[in-house]
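Enquirer: Quick one: structure below, then a few questions.
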Amino acid sequence: METKIIICGLGGQGVVFLTRLLANTAIAAGHEVMVSETHGMSQRGGSVLSHLKINGNQAPLIQHGAADLLLALEVDEAARHLGYLRAGGTAFVDAERGLRPELDADIARLGLRVHCLPASKMAIALGAPTIANVILAGFAAAHPEMPLAYEALSHALEAGSGRHSDLNLAALEAGFRFSNQ
Amino acid sequence: MSKQLLLGNDAIGLALVEQDCRVVTGYPGTPSSEILAGVIKYKQQHDRQIYTEWSTNEKVALEVALAATWVGLRAAVTMKQVGLNVASDPLFSAAYQGVKGGFLVIAADDPGLHSSQTEQDSRLLALTAKVPVFDPSSPEEARAMVGHALSLSERYALPVMLRPTTRICHALQSMALNGLEPQRSISKERFRKEPERWAATPKFRFYQKRELNQKLLEIEKEFDLSPLNYVVDADAAARVGVITSGAAFHTTRQVLEQLGVRLPVLKIGTPYPLPRTRVSAFMAGLDAVIVVEETDVCIELQMPASQTTVHGRRDGAIPGAGELTPDVLFAALKETLNRLGVPTQAPPEDALLAETVQALPLPMRRPRLCPGCGHRSAFFAMKRTFGPKAIYPGDIGCYTLGSNLRAVDTLVDMGASVSMAHGFYHANRITGDSRPVIATIGDSTFLHSGIVPLLNAVHTGARFVLVILDNHTTAMTGFQPTMANDRLADGSDAAHSVSLAGMARACGVKFVVEADPYQQESFGALLQQAYDFSQSEQGGVAVIVADHPCVLYDNSPILEHPVPVLITEECDGCRYCVEAFECPALSLAPDRSRVNIDYKICVNCGQCIDACFKGFIVPDYQKVIS
């Protein structure tokens with residue numbers, strides 16, 4: 001099945017790491033993957049955006065209105081890129097209080113599902129402020145819209161993250177469990 | 001074998017190793033920078049004998065690799081599109097003289113100007129230089145094209161270009177990694193003297209040009225039959241078709257599907273020389289073709305004469321500037337197809353949601369210097385010493401972002417800060433303008449193109465201050481070593497490092513001082529001293545080497561002397577620090593009553609203490625003690 005995912009946040013939040021984690025997990029599951037990343041000048045402190053296609057065509061970018069999933073590491077970046085979602089698409093957002101209320105009417109009309117968790121706050125509680133990205137991945141994996149399973153993400157983390165492996169696994173689990181609370 | 005996720009640039013680097021290139025050189029520049037890193041990674045993994053270097057600049061890099069091809073080795077050189085301008089001099093000559101070992105010139109274009117000063121099309125420069133071009137549409141195709149291109153280069157004995165774009169270089173694709181074949185024997189490769197070729201005088205250059213023209217005609221015939229140029233969705237009944245190349249090929253197919261339209265698409269892998277017979281055959285029977293290519297009009301310029309009308313950038317059917325994203329291409333193709341009588345579907349994007357998002361007061365996020373960046377301290381001291389009226393010529397690198405602090409007034413190309421400062425000095429003398437001229441240039445950029453204009457300025461008696469911002473690395477593109485480092489491209493510490501201050505002195509500069517911009521007060525005093533020297537009777541150019549390592553590359557000065565700060569209750573939210581110092585960790589509270597520090601990104605550099613002239617940013621002594 002084809003899945004188109006937008007991953008967004010700010011420079012330094014680990015958008016690239018999160019994107020590669022999802023991509024590597026998909027490859028390990030035998031899927032074809034195409035990713036587009038932000039590098040260079042646009043990476044310095046600005047908005048960072050990745051496009052990830054699982055079993056899709058080889059075009060590097062996803063069109064607005066066509067993405068199945070949006071993973072956002074910052075609430076305003078989620079709003080900025082919400083238009084990438086198709087009708088009925090799903091957003092997972094690092095936010096304590098949900099998206100801006102001005103968006104509510106459009107979200108309802110388009111049947112968008114928006115799932116929020118305070119990933120940054122949880123990351124600080126885990127003692128690693130930069131690990132909100134992995135918490136968000138675990139959170140998404142607890143929802144049926146996400147095609148990548150928790151166990152598969154966990155394997156990919158173990159394979160890829162070397163000495164930070166324990167911390168990453170704890171973060172993934174914290175995100176996964178949050179949604180079941 | 002299981003597949004791996006490869007960055008486009010990594011895939012190109014791997015292919016250079018797979019295809020047995022023995023010398024690979026380059027100068028870093030987004031989006032090309034990771035290609036050479038890929039070569040180094042795979043040569044070390046597979047224990048290959050390959051010479052790699054980050055050269056002083058692109059011209060040097062191309063010439064170093066060219067010599068290797070004249071010895072008979074396969075070689076490649078990597079750069080970004082504006083780097084090709086710097087390397088164009090030897091490229092033009094090399095096309096005439098030809099090569100022995102295969103020679104691949106990799107110039108990465110940046111449609112949409114993500115990290116560049118121009119949106120130029122390297123294929124057009126190759127066309128002018130008479131160098132054939134391969135234009136990959138995906139990382140996997142880029143990897144495959146390296147072999148095709150090197151083979152063509154060897155068979156026709158001329159340089160060949162691979163032209164990836166940002167969306168190829170910085171895409172990641174799953175692909176299979178096969179084992180490598182053993183390196184070829186190079187026992188017979190030697191430089192053999194052929195002065196009429198390798199040192200050709202103008203008379204021989206005429207024959208070389210005739211020979212080159214002949215090669216290009218033969219290559220065009222080969223391209224007519226090449227599997228890299230092919231049709232998808234062929235349809236004898238179609239009235240309209242699309243000719244496309246590069247990443248735009250896949251985007252076009254995605255957009256046509258979204259539009260609900262099926263049209264024949266001719267995919268061009270070799271845009272120069274354009275396989276005109278192949279193109280004519282595709283156009284026969286069609287009323288119209290739409291040419292979709294990045295970055296400019298390489299295919300469109302070479303279109304064969306035909307009854308079929310051609311739409312593209314030249315008639316405005318495709319926008320003349322900017323990246324061909326699926327959104328842009330959807331709008332452009334929809335309008336053109338409707339005009340040609342082909343019905344289409346509506347865009348998938350919801351217009352109402354787009355309107356709502358557009359109206360939200362979302363924060364502007366422009367690129368900024370990192371928290372703790374030494375460049376910020378240097379710029380802030382410059383502004384405090386010389387004020388808003390001084391003229392600040394700037395240069396290419398992270399410190400271009402000094403424009404946010406209004407300490408960069410001009411930006412042209414690599415090294416231009418020095419020659420522009422020099423030019424301003426002489427022009428200002430004519431107009432009677434006495435404003436100070438204070439130029440900035442990074443360490444790598446100074447070595448790339450700043451030395452030659454500095455010689456010029458000293459020789460002709462210009463008077464200005466040049467601040468060399470030395471952060472000990474090429475930070476913007478991923479921390480590649482410069483000539484001033486003792487590290488080589490492959491990470492070994494065998495390099496002979498060059499002193500920046502020594503280089504300035506050797507250029508004849510009489511005032512050269514190295515100082516740490518973190519010592520803002522003494523750095524400001526030094527700037528004044530440098531300016532006073534430049535204006536004195538015996539004065540001229542004054543150079544300050546602002547020495548502070550990139551905070552992302554070497555954070556040891558802060559780790560050794562952290563200065564945690566807090567903002568006192570007295571802060572009145574005047575915003576001076578937010579605007580004049582512009583650290584991402586400083587922001588105005590939502591109620592605008594005061595400034596807050598974002599401790600998640602603050603690095604404890606303490607540099608903002610000087611940025612509050614009211615004294616409300618102070619060291620946090622409790623944190624210092626604990």
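For the structure tokens, the naming scheme is as follows: chains receive sequential letters (A, B, ...) according to their order of presentation, residues are indexed from 1 within each chain, and ligands are indexed from 1 in presentation order.
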Output as CSV one row per residue of chain B within 8 Å of chain A: the closest atom pair and its distance in Å to one decimal place, counting only C-alpha atoms, sorted by chain and residue number ascending.
Expert:
```
residue,atom,partner,partner_atom,distance
B:Ser2,CA,A:Ala28,CA,7.7
B:Lys3,CA,A:Ile27,CA,6.8
B:Gln4,CA,A:Ile27,CA,7.1
B:Leu5,CA,A:Asn24,CA,6.6
B:Thr30,CA,A:Gly40,CA,5.9
B:Pro31,CA,A:Gly40,CA,7.4
B:His114,CA,A:Ser42,CA,6.3
B:Ser115,CA,A:Met41,CA,5.2
B:Ser138,CA,A:Gln58,CA,7.0
B:Arg167,CA,A:Pro60,CA,6.2
B:Ile168,CA,A:Pro60,CA,7.8
B:His170,CA,A:Glu37,CA,5.6
B:Ala171,CA,A:Ser36,CA,4.3
B:Leu172,CA,A:Val35,CA,4.8
B:Gln173,CA,A:Met34,CA,4.7
B:Ser174,CA,A:Val33,CA,5.3
B:Ala247,CA,A:Ala59,CA,6.7
B:Ala248,CA,A:Ala59,CA,7.7
B:Phe249,CA,A:Ala59,CA,7.8
B:His250,CA,A:Ala59,CA,4.4
B:Thr251,CA,A:Ala59,CA,4.7
B:Gln254,CA,A:Ala59,CA,6.7
B:Thr325,CA,A:Leu61,CA,6.8
B:Pro326,CA,A:Gln63,CA,5.2
B:Asp327,CA,A:Gln63,CA,5.6
B:Pro347,CA,A:Gly65,CA,8.0
B:Pro348,CA,A:Gly65,CA,4.8
B:Glu349,CA,A:Gly65,CA,4.0
B:Asp350,CA,A:Gly65,CA,6.5
B:Leu352,CA,A:Asp106,CA,7.3
B:Leu353,CA,A:Asp106,CA,5.8
B:Ala354,CA,A:Gly83,CA,6.1
B:Thr356,CA,A:Leu103,CA,6.9
B:Val357,CA,A:Arg80,CA,6.3
B:Leu360,CA,A:Glu102,CA,7.9
B:Leu362,CA,A:Asp76,CA,6.3
B:Pro363,CA,A:Asp76,CA,7.7
B:Arg365,CA,A:Gly46,CA,4.9
B:Arg366,CA,A:Gly46,CA,5.3
B:Pro367,CA,A:Gly46,CA,4.8
B:Arg368,CA,A:Gly45,CA,5.6
B:Leu369,CA,A:Arg44,CA,6.8
B:Cys370,CA,A:Arg44,CA,7.1
B:Cys398,CA,A:Met41,CA,7.3
B:Met476,CA,A:Gly40,CA,6.2
B:Thr477,CA,A:Gly40,CA,6.0
B:Pro584,CA,A:Gly45,CA,7.5
B:Lys600,CA,A:Pro129,CA,7.1
```
Enquirer: What's the separation between CA of Lys188 (chain B) and CA of Gly147 (chain B), in Å to one decimal place?
Expert: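 Computing the Euclidean distance for CA of Lys188 (chain B) and CA of Gly147 (chain B) yields 21.7 Å.
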Enquirer: One decimal, in Å: what's the spacing between CA of Ala351 (chain B) and CA of Phe330 (chain B)?
Expert: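 Separation between CA of Ala351 (chain B) and CA of Phe330 (chain B): 14.3 Å.
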Enquirer: Which of these, B:Asn404, B:Cys583, B:Ala489, B:Pro557, has the shortest distance to Val39 (chain B) once you count only C-alpha atoms?
Expert: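 Among the listed residues, the smallest separation from Val39 (chain B) belongs to B:Ala489.
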Enquirer: For region 153-169 of chain A, list every protein, DNA or RNA residue within 12 Å, evaluated using only C-alpha atoms, and leave out those in the same chain fewer than 5 positions away; present the list as a ChimeraX atom specification.
Expert: /A:17-29,123,125-142,146-148,174-176
Enquirer: Enter the distance from CA of Gly98 (chain A) to CA of Val114 (chain A), in Å, rounded to one decimal.
Expert: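 Distance between the two atoms: 8.0 Å.
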